[in-house]
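One structure is given below, encoded as structure tokens.
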Amino acid sequence: MDHVDLCFENISMVLESKKKNGEGGRKILDGSISGCAKRGRMLAIMGPSGAGKSSVVHALAGRVKEDPKIRVSGRRYVNDAPVAGYSLLPAAFIEQSVNFFPYMTVRETITFRVNLILGSLLSKSARDEMVADLLEQVGLTNSADTIVGNAKVRGISGGEKKRLSIAVEMIASPSLIFLDEPTSGLDSTAATSLVTTLRRLADSGKTVVAVIHQPSQHVFEKFDDLLVVSGGKLMYFGERSKVRSHMENYACGASSEIGTAEHLLDCVSTTPMENESQSDADKRVEKLAQVARSQPLDVRKQKETKSIALSKRGGPRANILTQFKLLLDRSIREVLRAKSVIIIKCVQQISTAIIYGGIYSLGNDQSSIQDRIGLLSLIAIGSSNMAVATSIRSFPKEKAIVSNELAGGMYRTMPYFLGKAISEIPMVVFFNGLFG
């Protein structure tokens, strides 16, 4: 789809009760969540902590995992046509936590995904041009050859990682972009830079929906529309420019020194303000909820349109040999570039060899046979355990990244496993040779 207008009404999410009679279920979203996200505009989902913001964006994107304990209901419309069921929308979704392979550069990370997703459709020169365009779109050209890094390996900044996560999602050219708290953990400057990138994407015709928590005034003013929730209830939906007057009319006023974002969060919070009792705070929030429910929202234009079925992403586009080659290449890079890990393992092997050599004094007579058997047993067990442990320890570290890539249909499990296992063989041989 070239463009997407997403409308929704009466979205609810209920955590089913364990009781047999079904009573006592917890309402995460109460069914009042309605609104629209339109092409070329940015919709911010805001509210206090625990208000249900992330639940809203996951429900809209159709990313709530199938679970008999969670019941999601409501209606969604893509370009005025109702969506059949509650399927996954064809959209980019940037999670709150961002994970990448730490020793790959920014350019290599994007190139890897471009080759897997579009390798069979574009020539190499076209793929290289696309990578350069993506780097320029998200403002990462200057950091293109810097490794991504993680908590233990120094690389690009947190804001640049968030922009990288946007770049890799933009490979498939989605018209609709969901983001779950993209500015969390970023300072004001990095957050403003990230939202400016989103603003450029929206101005190019994309539809952007983002959960924003305690934004600065600069970040807040980049958005066009607001959907405010509190306690799973709709507090406000409409243009950002009108929210301050709305809160002053139906909740409370504020001095001009207080920013609009801060003011509206105070108004929708159940925490009592100064000189306000808990009962007054509850009444304030309930009044805003009643006003939001009473205001008609035209989110459905073609009531009789036949429902459209949106299928989930298909399987990998690259053939299995291409998958294996790219995954093996990535695994080898990760192994060889982890210099600190290699140094530690070298010291470990040398230390172990010196200890074994100091314990056993071998001769050529009959009495040394038992010592030789014992030493060979230790070496065989130790080498095998170290080889297996190296691979086993690496899988949990990569699980979050690989799970997302597998869920996106980028490649199959077997090419990943074979590539990962084979990439460890050269280092295992080197370490055992050093030990010997």
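Each chain in the structure tokens gets a letter, A, B and so on, in the order shown; residues start at 1 in every chain, and ligands are counted from 1 in the order they appear.
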
Every residue of segment 150-396 of chain A that DSSP places in strand (DSSP E), as a ChimeraX atom specification: /A:176-180,207-211,225-230,233-239

Convert the current residue selection to file output with C-alpha atoms, as a short mmCIF file (atom, residue, chain, number, x, y, z; two decimals), in the first residue's frame.
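Below is the file that was written, again-v9.cif:
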```
data_model
loop_
_atom_site.label_atom_id
_atom_site.label_comp_id
_atom_site.auth_asym_id
_atom_site.auth_seq_id
_atom_site.Cartn_x
_atom_site.Cartn_y
_atom_site.Cartn_z
CA LEU A 176 2.77 2.63 8.58
CA ILE A 177 5.32 2.84 11.41
CA PHE A 178 4.69 1.92 15.07
CA LEU A 179 7.17 2.81 17.80
CA ASP A 180 7.00 1.78 21.46
CA THR A 207 1.90 7.28 8.96
CA VAL A 208 3.71 7.36 12.31
CA VAL A 209 2.25 6.11 15.62
CA ALA A 210 4.53 6.41 18.66
CA VAL A 211 4.20 5.84 22.40
CA ASP A 225 -2.28 14.36 16.98
CA LEU A 226 -2.58 12.96 20.49
CA LEU A 227 -4.24 9.93 22.02
CA VAL A 228 -4.11 10.18 25.81
CA VAL A 229 -4.94 7.20 28.03
CA SER A 230 -5.06 6.69 31.79
CA LYS A 233 -9.40 4.58 29.47
CA LEU A 234 -9.43 7.16 26.70
CA MET A 235 -8.80 10.66 28.09
CA TYR A 236 -8.38 12.62 24.87
CA PHE A 237 -8.07 12.15 21.13
CA GLY A 238 -7.54 15.05 18.78
CA GLU A 239 -5.06 17.60 17.56
#
```

Selection: 8 Å around Ser73 of chain A, only C-alpha atoms, excl. self and same-chain fewer than 4 positions, as a list in words: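 Final neighbour list, sorted by chain and number: Asn10, Ile11, Ser12, Met13, Gly31 and Tyr86 of chain A.
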
Include N, CA and C atoms and write out the residues we just selected as a PDB file, in the first residue's frame.
```pdb
ATOM      1  N   ASN A  10     -13.306   1.432  19.830  1.00  0.00           N
ATOM      2  CA  ASN A  10     -13.716   0.503  20.889  1.00  0.00           C
ATOM      3  C   ASN A  10     -12.697  -0.612  21.133  1.00  0.00           C
ATOM      4  N   ILE A  11     -11.427  -0.266  21.134  1.00  0.00           N
ATOM      5  CA  ILE A  11     -10.378  -1.257  21.379  1.00  0.00           C
ATOM      6  C   ILE A  11     -10.364  -1.602  22.865  1.00  0.00           C
ATOM      7  N   SER A  12     -10.432  -2.891  23.139  1.00  0.00           N
ATOM      8  CA  SER A  12     -10.379  -3.351  24.530  1.00  0.00           C
ATOM      9  C   SER A  12      -9.415  -4.522  24.645  1.00  0.00           C
ATOM     10  N   MET A  13      -8.857  -4.687  25.832  1.00  0.00           N
ATOM     11  CA  MET A  13      -7.973  -5.809  26.118  1.00  0.00           C
ATOM     12  C   MET A  13      -8.255  -6.268  27.541  1.00  0.00           C
ATOM     13  N   GLY A  31     -12.195  -0.544  26.339  1.00  0.00           N
ATOM     14  CA  GLY A  31     -13.089  -0.520  25.190  1.00  0.00           C
ATOM     15  C   GLY A  31     -13.455   0.862  24.711  1.00  0.00           C
ATOM     16  N   TYR A  86      -8.260  -9.972  13.923  1.00  0.00           N
ATOM     17  CA  TYR A  86      -7.308  -9.105  14.599  1.00  0.00           C
ATOM     18  C   TYR A  86      -5.896  -9.495  14.202  1.00  0.00           C
TER      19      TYR A  86
END
```

Nearby residues (only C-alpha atoms) at most 10 Å from Pro174 of chain A, same-chain spacing under 5 positions excluded, as a ChimeraX atom specification: /A:1-4,90-93,169,206-207

Contact residues around segment 328-330 of chain A with only C-alpha atoms at 9 Å, ignoring same-chain residues under 5 positions, as a PyMOL selection string: chain A and resi 101+104+108+112+323+335+415-416+418-423

Residues of segment 167-330 of chain A in helix (DSSP H, G or I), written as number ranges by chain: A: 167-172, 188-203, 217-220, 240-250, 260-268, 278-294, 320-330

Selection: 10 Å around segment 140-149 of chain A, only C-alpha atoms, excl. self and same-chain fewer than 3 positions, as a count of residues only: 31

Shortest interatomic distance to Ile212 of chain A - which of A:Arg127, A:Arg240, A:Arg337, A:Lys53, counting only C-alpha atoms: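 That would be A:Lys53, the residue with the smallest distance to Ile212 of chain A.
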
Ser384 of chain A surroundings by only C-alpha atoms, 12 Å radius, close-in-sequence under 3 positions cut, as a ChimeraX atom specification: /A:377-381,387-391,425,428-429,431-432

d(atom CA of Arg71 of chain A, atom CA of Glu16 of chain A) in Å: 7.0 Å

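As for atom CA of Ser394 of chain A and atom CA of Ala353 of chain A, they are spaced 24.5 Å apart.
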
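Residues with any atom within 9 Å of Ile320 of chain A, counting only C-alpha atoms and excluding same-chain neighbours fewer than 2 positions away, are Pro316, Ala318, Thr322, Gln323, Phe324, Lys325, Tyr411, Arg412 and Pro415 of chain A.
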
Between atom CA of Met414 of chain A and atom CA of Leu326 of chain A, distance in Å (one decimal):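 Separation of atom CA of Met414 of chain A and atom CA of Leu326 of chain A: 13.0 Å.
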
From A:Cys7, A:Val168, A:Ile332, A:Leu201, residue lying nearest Cys36 of chain A [only C-alpha atoms]: A:Cys7
